[in-house]
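Structure record follows, encoded as structure tokens.
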Amino acid sequence: MGLETEKADVQLFMDDDSYSRHSGVDYADPEKFADSGGDRDPNRLNSHLKVDFEDVIAEPESTHSLDKVWICSHALFVISKYAIYKFLTLFLAIPLAFAAGIVFASLSCLHIWIVMPFVKTCLMVLPSMQTIWKSVTDVIIAPLCASAGRSFSAVSLRLSQD
């Protein structure tokens, strides 16, 4: 039982563009990860959040505000929604993603290492417990209930009105 080592030829194929000629850490090109119009919600988890100005504020045909007011309202809605969302995600996205990662990692760990072993143990022990419980009910509870039933069957009640 010794440690066996094996010599192998390793070849690394790299494009000249992706090879960094400088010493130090080579970070990925941030332009590649920038939003290039790709879908960030491919599973449509938040499709209900696609809210436009017309979905929130709508004027019926009989009631219209001034055109300038409508245009300014639309512009302010879009700009404020965009700016506030960017501002909030700037400060909240990373901490909340970190917290969500901790929560889901904890839940996964608890489920894998505590819940499922407990469930499997219960399922393994239940047939034995079922046999014991059936014996207890047959020996103790069934005769007790039968005796009580026979005793109470002899009791009769008569209600009379005076």
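In the structure tokens, each chain is lettered A, B, ... as it comes, each chain's residues begin at 1, and ligands are numbered from 1 in order of appearance.
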
Can you tell me which residues surround range 55-63 of chain A at a distance of at most 12 Å, considering only C-alpha atoms, apart from same-chain residues fewer than 3 positions away, and format the answer as a CSV table (one decimal) with N, CA, C and O atoms, in the first residue's frame?
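Written out: selection14.csv:
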```csv
chain,number,residue,atom,x,y,z
A,48,HIS,N,-43.4,39.4,-12.4
A,48,HIS,CA,-44.4,40.2,-11.9
A,48,HIS,C,-43.9,41.6,-11.5
A,48,HIS,O,-44.7,42.5,-11.3
A,49,LEU,N,-42.6,41.8,-11.5
A,49,LEU,CA,-42.0,43.1,-11.2
A,49,LEU,C,-41.8,44.0,-12.4
A,49,LEU,O,-41.2,45.1,-12.3
A,50,LYS,N,-42.2,43.6,-13.6
A,50,LYS,CA,-42.0,44.4,-14.8
A,50,LYS,C,-43.1,45.4,-14.8
A,50,LYS,O,-44.2,45.2,-15.4
A,51,VAL,N,-42.9,46.5,-14.1
A,51,VAL,CA,-43.9,47.6,-14.0
A,51,VAL,C,-43.4,48.8,-14.8
A,51,VAL,O,-42.4,49.3,-14.5
A,52,ASP,N,-44.3,49.3,-15.7
A,52,ASP,CA,-44.0,50.5,-16.4
A,52,ASP,C,-44.9,51.6,-15.9
A,52,ASP,O,-45.9,51.3,-15.1
A,66,LEU,N,-52.6,67.8,-18.4
A,66,LEU,CA,-51.9,68.5,-19.5
A,66,LEU,C,-50.8,67.6,-20.0
A,66,LEU,O,-50.2,66.8,-19.3
A,67,ASP,N,-50.5,67.8,-21.3
A,67,ASP,CA,-49.5,67.0,-22.0
A,67,ASP,C,-48.2,67.1,-21.3
A,67,ASP,O,-47.4,66.1,-21.1
A,70,TRP,N,-48.1,65.2,-18.1
A,70,TRP,CA,-48.0,63.7,-18.4
A,70,TRP,C,-46.6,63.3,-18.8
A,70,TRP,O,-46.0,62.3,-18.3
A,73,SER,N,-44.3,63.7,-15.7
A,73,SER,CA,-44.6,62.6,-14.8
A,73,SER,C,-44.0,61.3,-15.2
A,73,SER,O,-43.4,60.6,-14.4
A,74,HIS,N,-44.1,61.0,-16.5
A,74,HIS,CA,-43.5,59.8,-17.1
A,74,HIS,C,-42.0,59.8,-16.9
A,74,HIS,O,-41.4,58.8,-16.5
A,77,PHE,N,-41.0,59.4,-13.3
A,77,PHE,CA,-41.2,58.0,-12.8
A,77,PHE,C,-40.1,57.1,-13.3
A,77,PHE,O,-39.5,56.3,-12.5
A,78,VAL,N,-39.8,57.2,-14.6
A,78,VAL,CA,-38.8,56.3,-15.1
A,78,VAL,C,-37.4,56.6,-14.5
A,78,VAL,O,-36.7,55.7,-14.2
```

So which bits of range 34-160 of chain A end up helix (DSSP H, G or I) when you DSSP the backbone, as number ranges by chain?
A: 47-49, 53-56, 67-153
